[in-house]
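S.K.: First the structure, then my questions, so here it is.
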Amino acid sequence: MSVIRSLQSVSWGSRPALLSVIGVCLLTIGVLTGVIAMMVVNFDQRAMPLAEIRLVERSDSVGQNPAISSSSYSLSTAFRNVANSAVPSVVSVSSESGWHTHLWSSFDSDEMVENEGSGVVITPQGHIVTNYHLVEDSRKLQVLFADKREFEAYTVGVDRATDLAVIQVVLNSEETVPAMTLGDSETLQLGDWVLAIGNPLQLNSTVTAGIVSAMGRSMNIIDSDFGVEDFIQTDAAINPGNSGGALVNLHGELIGINTAIVTNSGFYEGYGFAIPVNLAIRVVTDLIEFGEFRRAFMGVMPTNVDAEFASALGMNSVQGVFLDQVFEGGAADNAGLRPGDVILEIDGHAIDQPNQLLSAILQKRPYSEAQVSYWRSGKIDTLNLMLLGQDHPQVASWLLEMGYRPTREIMQAQYLDQWGVVLRDKFEEDETVYGELEGVIIQRVTRQPSIEYLEEGVLLEHINGQKINSVRDALKELQNIQEVARFSIRDQWNVNRMVIVHSLDQ
C-alpha cells in the first residue's frame, strides 16, 4: 500500500522525480520477488518428508513402492491362502483323563499338563491322526472343529513306538468333514517355509510360521521298545496343545504331525519337532485297516559312523550306518548282509543315522522288498532283501532274546462306522451288571435305523458264533464279514438275544 500511495502522490510534470519513483518501485519489487522465491524453496524442502510418508500408505502401494517387493507380497498371500485352506481340517482334541506329556516338559520333569491337544482330519469320514500320548488311557474324547462343531470321537488304533494314534468322530449318515491334502515329506529341504497349525494353550486355530531347520532328528523322547524318531525340526512356534496338530507346506499340504518341543520351561524355546507325514501315513493306514501297526523288520542293530570310525574302515567320506549286529535268519542275513557292512542307501535314499534306517524300514510293509546300497571292504554294492514281519518265527525268536515282549495296546473304545456301533472293553463298574461274563460293551448305537433291537449298554458276547473277549476280537471277526453279522447280546436283565446287523457299506 505504501508503494501505491507514493505513485499517486508524484506529479507527472516532474520527469526526474518520476524516474526516481519508478526506480524505487522496481528495486522494491525485486527484493520482494527474491524473498518470496526463497520462501517457496524452503517450503518445498520442508514438505519433502511428508511426500515420502504418503508413498507408503495402503492405497496402490504394491508395485509402486520399491520397498515392497513382489516376492514378499507373494509370501504373505501364500501364508493367508494356506491358513484359510488348512485350518478347517485341524481340530482340538480333549480327553476325559489326564495324560503324561514328557514330550512337552523339560527332560527332568514329571509334571502332568492339561489333557488337550490337536488332531488332523485325513478322511471325509472323520478319521483324525493325532499323538498317542494325547489319547492314551482316555475313555472319552471330544473333538472341536474350527467352525465350532463338536463331536464325540473314539479310538481306531494306536502305536506307542511312533507316538501316533487314529481317532474317528461320529457323524450322521450323510455328513462329512474337511480332510487335509497330504504332502510328501521326502521333498522337504532345509530352509523351506512351513506353518504349524493347532490349539496351543487353549488358543484354538492358531497358525505360526517358520522354516525347516533340520531333518531326521532323534531326541530319545518316545518311551517305547523299538521306538522310532525321525523328526522334522522347525522354528515355527509350537506349544503344549499343538501336540497332534499339522505342519504344512506353502501348498497347504500336510507334511508333518507336530509332536514335541525341547524346553526347560515347558513352553516354546525355539525348537519344535514333527513326525514326517510319509511315516505317519504308513502307520495310520494300518491302524485304520487293522487296528494296529504291522511293522517290518530288517534284523540288524545299526550304529553311527563318525569321522574316526570312517577312517578306521578306510572309507573316503563319512556316511552311512555301521551294522554292529546282523541277526541270524533275519531279512538282512538272508540277503547276504554281514556285521561290519555300512548301509549307505535304502531304495535310493541316503542313510546317515541309525534312526533314518529304522524309519526307512518302518515305512515299508512286512514281506515287501527293499533295495539296499552298502559298503564292504572298499567296494559299494547293491542287493534286494525281503523284509519280515513280527509274526515270522525267526523274528519273534530274536525279539524275545533281546528282552522285547510285544504287547497289544488296550483299545478301550472303537467306533465301527461300517456297523453303526461304538464298542468298548469292559470296565470294573460293568461287573455290577454282568459279573464275570466275558464280552464287550456296546457303548453307543450311532445309526439306529440300520440295527433292530440293539441298545446301548448291552454286552456283546458272540459275533457269528465266535466268542468275543475284547474289542480287538470283535475287529478281527468283523474284518472278514462283508454284509450281515449275527450279534449275540445280553442285556442288564440277563436276557439273551440274537440281533442281525447289516453293514452300512452295502
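Each chain in the C-alpha cells gets a letter, A, B and so on, in the order shown; residues start at 1 in every chain, and ligands are counted from 1 in the order they appear.
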List as a Markdown table every residue of segment 159-231 of chain A that is in contact with segment 116-120 of chain A, defined as an atom at most 8 Å from one of its atoms (using only C-alpha atoms), together with the nearest atom pair and the distance in Å rounded to one decimal, sorted by chain and then rising number.

M.R.:
```
| residue | atom | partner | partner_atom | distance |
| --- | --- | --- | --- | --- |
| A:Ala179 | CA | A:Val120 | CA | 7.8 |
| A:Met180 | CA | A:Val120 | CA | 7.2 |
| A:Gly198 | CA | A:Ser118 | CA | 5.6 |
| A:Asn199 | CA | A:Ser118 | CA | 6.0 |
| A:Pro200 | CA | A:Gly117 | CA | 7.4 |
| A:Gln202 | CA | A:Glu116 | CA | 7.7 |
```

S.K.: Include C-alpha atoms and write out the residues we just selected as a PDB file, in the first residue's frame.

M.R.:
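Full text of selection.pdb as output:
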```
ATOM      1  CA  ALA A 179      -9.911 -83.558   5.145  1.00  0.00           C
ATOM      2  CA  MET A 180      -6.434 -82.112   4.649  1.00  0.00           C
ATOM      3  CA  GLY A 198      -3.038 -76.296  16.217  1.00  0.00           C
ATOM      4  CA  ASN A 199      -4.583 -75.285  19.502  1.00  0.00           C
ATOM      5  CA  PRO A 200      -1.749 -74.239  21.841  1.00  0.00           C
ATOM      6  CA  GLN A 202      -6.287 -73.383  24.669  1.00  0.00           C
TER       7      GLN A 202
END
```

S.K.: Within 12 Å of Phe151 of chain A, counting only C-alpha atoms, which residues qualify if same-chain residues fewer than 6 places away don't, as number ranges by chain?

M.R.: A: 91-94, 126, 140-145, 167-172, 175, 177

S.K.: Can you tell me which residues surround Glu229 of chain A at a distance of at most 10 Å, considering only C-alpha atoms, apart from same-chain residues fewer than 3 positions away, and format the answer as a list in words?

M.R.: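 Near neighbours after the sequence-gap exclusion: Ala161, Thr162, Asp163, Gly216, Arg217, Ser218, Met219, Asn220, Ile221, Ile222, Phe226, Ile232, Phe273, Ala274, Ile275, Pro276, Leu279, Pro354, Asn355, Gln356, Leu358 and Ser359 of chain A.
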
S.K.: For the residues in the current selection, export N, CA and C atoms as a PDB file, in the first residue's frame.

M.R.:
```
ATOM      1  N   ALA A 161       5.154 -96.903  19.641  1.00  0.00           N
ATOM      2  CA  ALA A 161       6.525 -96.805  19.157  1.00  0.00           C
ATOM      3  C   ALA A 161       6.752 -95.593  18.261  1.00  0.00           C
ATOM      4  N   THR A 162       5.694 -95.091  17.619  1.00  0.00           N
ATOM      5  CA  THR A 162       5.816 -93.886  16.791  1.00  0.00           C
ATOM      6  C   THR A 162       5.045 -92.718  17.382  1.00  0.00           C
ATOM      7  N   ASP A 163       4.403 -92.909  18.525  1.00  0.00           N
ATOM      8  CA  ASP A 163       3.592 -91.881  19.191  1.00  0.00           C
ATOM      9  C   ASP A 163       2.478 -91.372  18.278  1.00  0.00           C
ATOM     10  N   GLY A 216      15.498 -85.426  10.182  1.00  0.00           N
ATOM     11  CA  GLY A 216      16.000 -86.683  10.728  1.00  0.00           C
ATOM     12  C   GLY A 216      16.458 -86.609  12.166  1.00  0.00           C
ATOM     13  N   ARG A 217      15.851 -85.737  12.975  1.00  0.00           N
ATOM     14  CA  ARG A 217      16.264 -85.592  14.371  1.00  0.00           C
ATOM     15  C   ARG A 217      15.765 -86.775  15.213  1.00  0.00           C
ATOM     16  N   SER A 218      16.606 -87.209  16.143  1.00  0.00           N
ATOM     17  CA  SER A 218      16.234 -88.196  17.147  1.00  0.00           C
ATOM     18  C   SER A 218      16.536 -87.608  18.516  1.00  0.00           C
ATOM     19  N   MET A 219      15.500 -87.514  19.383  1.00  0.00           N
ATOM     20  CA  MET A 219      15.659 -86.850  20.676  1.00  0.00           C
ATOM     21  C   MET A 219      15.547 -87.815  21.858  1.00  0.00           C
ATOM     22  N   ASN A 220      15.310 -89.105  21.584  1.00  0.00           N
ATOM     23  CA  ASN A 220      15.162 -90.109  22.647  1.00  0.00           C
ATOM     24  C   ASN A 220      14.063 -89.741  23.632  1.00  0.00           C
ATOM     25  N   ILE A 221      12.916 -89.367  23.087  1.00  0.00           N
ATOM     26  CA  ILE A 221      11.808 -88.963  23.953  1.00  0.00           C
ATOM     27  C   ILE A 221      10.596 -89.878  23.849  1.00  0.00           C
ATOM     28  N   ILE A 222      10.580 -90.804  22.893  1.00  0.00           N
ATOM     29  CA  ILE A 222       9.487 -91.764  22.807  1.00  0.00           C
ATOM     30  C   ILE A 222       9.816 -92.942  23.704  1.00  0.00           C
ATOM     31  N   PHE A 226      11.675-100.325  20.812  1.00  0.00           N
ATOM     32  CA  PHE A 226      11.762-100.150  19.363  1.00  0.00           C
ATOM     33  C   PHE A 226      11.087 -98.860  18.911  1.00  0.00           C
ATOM     34  N   ILE A 232      11.066 -83.960  11.884  1.00  0.00           N
ATOM     35  CA  ILE A 232      11.327 -82.698  11.198  1.00  0.00           C
ATOM     36  C   ILE A 232      11.478 -81.631  12.278  1.00  0.00           C
ATOM     37  N   PHE A 273       9.295 -80.209  16.956  1.00  0.00           N
ATOM     38  CA  PHE A 273       9.564 -81.421  16.192  1.00  0.00           C
ATOM     39  C   PHE A 273       8.253 -82.056  15.728  1.00  0.00           C
ATOM     40  N   ALA A 274       8.274 -82.532  14.476  1.00  0.00           N
ATOM     41  CA  ALA A 274       7.083 -83.123  13.873  1.00  0.00           C
ATOM     42  C   ALA A 274       7.428 -84.467  13.244  1.00  0.00           C
ATOM     43  N   ILE A 275       6.484 -85.414  13.311  1.00  0.00           N
ATOM     44  CA  ILE A 275       6.648 -86.710  12.663  1.00  0.00           C
ATOM     45  C   ILE A 275       6.408 -86.528  11.166  1.00  0.00           C
ATOM     46  N   PRO A 276       7.316 -86.954  10.296  1.00  0.00           N
ATOM     47  CA  PRO A 276       7.110 -86.796   8.850  1.00  0.00           C
ATOM     48  C   PRO A 276       5.828 -87.475   8.392  1.00  0.00           C
ATOM     49  N   LEU A 279       5.915 -91.201   7.126  1.00  0.00           N
ATOM     50  CA  LEU A 279       5.931 -92.198   8.187  1.00  0.00           C
ATOM     51  C   LEU A 279       4.561 -92.280   8.847  1.00  0.00           C
ATOM     52  N   PRO A 354      21.312 -94.002  12.399  1.00  0.00           N
ATOM     53  CA  PRO A 354      20.560 -95.228  12.684  1.00  0.00           C
ATOM     54  C   PRO A 354      19.050 -95.011  12.668  1.00  0.00           C
ATOM     55  N   ASN A 355      18.589 -93.865  13.187  1.00  0.00           N
ATOM     56  CA  ASN A 355      17.145 -93.631  13.213  1.00  0.00           C
ATOM     57  C   ASN A 355      16.576 -93.470  11.801  1.00  0.00           C
ATOM     58  N   GLN A 356      17.397 -92.975  10.856  1.00  0.00           N
ATOM     59  CA  GLN A 356      16.937 -92.867   9.474  1.00  0.00           C
ATOM     60  C   GLN A 356      16.761 -94.246   8.849  1.00  0.00           C
ATOM     61  N   LEU A 358      15.994 -97.020  10.558  1.00  0.00           N
ATOM     62  CA  LEU A 358      14.790 -97.583  11.173  1.00  0.00           C
ATOM     63  C   LEU A 358      13.526 -96.984  10.561  1.00  0.00           C
ATOM     64  N   SER A 359      13.555 -95.669  10.321  1.00  0.00           N
ATOM     65  CA  SER A 359      12.395 -95.009   9.742  1.00  0.00           C
ATOM     66  C   SER A 359      12.137 -95.491   8.321  1.00  0.00           C
TER      67      SER A 359
END
```

S.K.: Neighbours of Glu269 of chain A within 10 Å (only C-alpha atoms; same-chain residues fewer than 6 positions away dropped), as a PyMOL selection string?

M.R.: chain A and resi 235+237-239+261-263

S.K.: Quick one: write out the picked residues with N, CA and C atoms as a CSV table (one decimal), in the first residue's frame?

M.R.:
```csv
chain,number,residue,atom,x,y,z
A,235,ASP,N,11.4,-74.0,13.5
A,235,ASP,CA,11.4,-73.0,14.4
A,235,ASP,C,10.0,-72.3,14.4
A,237,ALA,N,6.6,-71.6,15.9
A,237,ALA,CA,6.3,-71.7,17.4
A,237,ALA,C,5.3,-72.8,17.6
A,238,ILE,N,5.7,-73.7,18.5
A,238,ILE,CA,4.9,-74.9,18.9
A,238,ILE,C,4.8,-74.9,20.4
A,239,ASN,N,3.7,-75.1,21.0
A,239,ASN,CA,3.5,-75.1,22.5
A,239,ASN,C,2.6,-76.2,22.9
A,261,ILE,N,8.6,-80.6,21.8
A,261,ILE,CA,9.5,-79.4,21.8
A,261,ILE,C,10.6,-79.8,22.8
A,262,VAL,N,11.8,-79.1,22.6
A,262,VAL,CA,12.8,-79.1,23.5
A,262,VAL,C,12.8,-77.9,24.4
A,263,THR,N,12.6,-78.0,25.7
A,263,THR,CA,12.3,-76.9,26.5
A,263,THR,C,12.7,-77.2,28.0
```

S.K.: To test your reading of the structure, identify every residue in segment 229-470 of chain A that backbone DSSP assigns to strand (DSSP E), and report it as a VMD selection string.

M.R.: chain A and resid 231 to 234 246 to 248 254 to 261 272 to 276 296 to 297 300 to 304 321 to 326 342 to 346 349 to 350 369 to 376 379 to 386 388 to 389 413 to 416 421 to 425 440 to 445 459 to 463 466 to 467

S.K.: Determine which residues of segment 195-391 of chain A DSSP labels as helix (DSSP H, G or I) from the backbone of this structure, then write them out as JSON, numbers by chain.

M.R.: {"A": [200, 201, 202, 277, 278, 279, 280, 281, 282, 283, 284, 285, 286, 287, 288, 289, 290, 307, 308, 309, 310, 311, 312, 313, 331, 332, 333, 334, 335, 354, 355, 356, 357, 358, 359, 360, 361, 362]}

S.K.: Show which residues sit within 10 Å of segment 74-86 of chain A, as a ChimeraX atom specification. Count only C-alpha atoms, and ignore same-chain residues fewer than 2 positions away.

M.R.: /A:69-72,88-90,120-121,178-181,193-197,205-209,246-254

S.K.: What gap, in Å, lies between atom CA of Pro366 of chain A and atom CA of Thr155 of chain A?

M.R.: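 These atoms are spaced 24.1 Å apart.
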
S.K.: For Trp398 of chain A, which residue among A:Asp425, A:Glu461, A:Glu328, A:Glu136 is the nearest when counting only C-alpha atoms?

M.R.: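 Closest candidate: A:Glu328.
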
S.K.: Tell me which protein, DNA and RNA residues are within 12 Å of Leu475 of chain A, counting only C-alpha atoms, leaving out same-chain ones fewer than 4 positions away, and put them as number ranges by chain.

M.R.: A: 156-157, 287-292, 411, 413-419, 421-424, 440, 463, 466, 468-471, 479-481

S.K.: Using N, CA, C and O atoms, can you write the selected residues to a file as a compact mmCIF listing (two decimals), in the first residue's frame?

M.R.:
```
# COMPACT_ATOMS: atom_id res chain seq x y z
N VAL A 156 -9.49 -95.54 17.04
CA VAL A 156 -9.42 -96.53 15.97
C VAL A 156 -8.22 -97.43 16.18
O VAL A 156 -8.29 -98.64 16.03
N GLY A 157 -7.09 -96.84 16.52
CA GLY A 157 -5.88 -97.62 16.78
C GLY A 157 -4.77 -96.71 17.24
O GLY A 157 -4.78 -95.51 16.98
N LEU A 287 -3.43 -98.68 11.11
CA LEU A 287 -4.31 -98.51 12.27
C LEU A 287 -5.77 -98.50 11.84
O LEU A 287 -6.64 -99.06 12.52
N ILE A 288 -6.07 -97.87 10.71
CA ILE A 288 -7.45 -97.83 10.22
C ILE A 288 -7.88 -99.20 9.71
O ILE A 288 -9.00 -99.65 9.95
N GLU A 289 -6.98 -99.88 9.01
CA GLU A 289 -7.34 -101.16 8.39
C GLU A 289 -7.34 -102.32 9.38
O GLU A 289 -8.22 -103.18 9.33
N PHE A 290 -6.36 -102.33 10.29
CA PHE A 290 -6.20 -103.49 11.17
C PHE A 290 -6.39 -103.18 12.65
O PHE A 290 -6.45 -104.10 13.46
N GLY A 291 -6.41 -101.89 13.02
CA GLY A 291 -6.49 -101.54 14.44
C GLY A 291 -5.15 -101.58 15.13
O GLY A 291 -5.06 -101.31 16.33
N GLU A 292 -4.09 -101.90 14.40
CA GLU A 292 -2.74 -101.96 14.94
C GLU A 292 -1.74 -101.71 13.80
O GLU A 292 -2.07 -101.87 12.62
N MET A 411 -7.38 -101.35 23.62
CA MET A 411 -8.26 -100.50 22.85
C MET A 411 -9.58 -100.41 23.61
O MET A 411 -10.43 -101.29 23.53
N ALA A 413 -12.13 -98.22 23.48
CA ALA A 413 -13.34 -97.88 22.74
C ALA A 413 -13.02 -97.78 21.26
O ALA A 413 -11.95 -97.31 20.88
N GLN A 414 -13.94 -98.25 20.43
CA GLN A 414 -13.70 -98.27 18.99
C GLN A 414 -15.00 -97.95 18.26
O GLN A 414 -16.04 -98.57 18.49
N TYR A 415 -14.94 -96.96 17.38
CA TYR A 415 -16.09 -96.58 16.56
C TYR A 415 -16.05 -97.41 15.27
O TYR A 415 -15.16 -97.25 14.46
N LEU A 416 -17.02 -98.29 15.11
CA LEU A 416 -17.11 -99.14 13.92
C LEU A 416 -18.14 -98.53 12.98
O LEU A 416 -19.32 -98.86 13.01
N ASP A 417 -17.67 -97.62 12.17
CA ASP A 417 -18.55 -96.85 11.29
C ASP A 417 -19.37 -97.76 10.38
O ASP A 417 -20.55 -97.54 10.14
N GLN A 418 -18.75 -98.81 9.84
CA GLN A 418 -19.42 -99.70 8.90
C GLN A 418 -20.63 -100.39 9.54
O GLN A 418 -21.63 -100.66 8.87
N TRP A 419 -20.54 -100.65 10.85
CA TRP A 419 -21.61 -101.38 11.53
C TRP A 419 -22.47 -100.49 12.40
O TRP A 419 -23.43 -100.97 13.03
N VAL A 421 -21.88 -98.85 15.27
CA VAL A 421 -21.81 -99.01 16.72
C VAL A 421 -20.46 -98.54 17.24
O VAL A 421 -19.48 -98.48 16.50
N VAL A 422 -20.44 -98.23 18.53
CA VAL A 422 -19.20 -97.99 19.26
C VAL A 422 -19.07 -99.10 20.29
O VAL A 422 -19.97 -99.30 21.11
N LEU A 423 -17.95 -99.82 20.24
CA LEU A 423 -17.69 -100.90 21.19
C LEU A 423 -16.58 -100.47 22.15
O LEU A 423 -15.67 -99.74 21.76
N ARG A 424 -16.66 -100.96 23.36
CA ARG A 424 -15.57 -100.72 24.31
C ARG A 424 -15.37 -101.95 25.17
O ARG A 424 -16.28 -102.78 25.35
N VAL A 440 -17.81 -107.57 25.23
CA VAL A 440 -17.55 -106.13 25.13
C VAL A 440 -18.87 -105.39 25.23
O VAL A 440 -19.94 -105.94 24.94
N ILE A 463 -19.99 -112.96 17.93
CA ILE A 463 -20.26 -112.46 16.58
C ILE A 463 -20.16 -113.66 15.64
O ILE A 463 -19.10 -114.30 15.54
N GLN A 466 -18.71 -116.74 17.16
CA GLN A 466 -17.36 -116.70 17.72
C GLN A 466 -17.35 -115.88 19.02
O GLN A 466 -17.88 -114.78 19.07
N ILE A 468 -16.33 -113.39 21.85
CA ILE A 468 -15.68 -112.09 21.83
C ILE A 468 -15.27 -111.72 23.25
O ILE A 468 -16.13 -111.61 24.15
N ASN A 469 -13.96 -111.51 23.46
CA ASN A 469 -13.46 -111.14 24.78
C ASN A 469 -12.94 -109.72 24.85
O ASN A 469 -12.71 -109.19 25.94
N SER A 470 -12.71 -109.11 23.70
CA SER A 470 -12.15 -107.76 23.66
C SER A 470 -12.58 -107.06 22.37
O SER A 470 -13.09 -107.70 21.44
N VAL A 471 -12.35 -105.76 22.34
CA VAL A 471 -12.65 -105.01 21.12
C VAL A 471 -11.81 -105.53 19.97
O VAL A 471 -12.28 -105.60 18.82
N GLN A 479 -13.82 -108.12 10.46
CA GLN A 479 -12.98 -107.80 9.31
C GLN A 479 -13.29 -108.70 8.12
O GLN A 479 -13.16 -108.29 6.96
N ASN A 480 -13.72 -109.93 8.39
CA ASN A 480 -13.98 -110.90 7.32
C ASN A 480 -15.46 -111.01 6.96
O ASN A 480 -15.84 -111.88 6.19
N ILE A 481 -16.28 -110.12 7.53
CA ILE A 481 -17.72 -110.16 7.25
C ILE A 481 -18.08 -108.98 6.36
O ILE A 481 -17.77 -107.83 6.71
```

S.K.: Considering only C-alpha atoms, can you say which of A:Ile255, A:Met402, A:Met215, A:Ile346 comes closest to Met301 of chain A?

M.R.: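 Checking each candidate against Met301 of chain A, we get A:Met402 as the closest.
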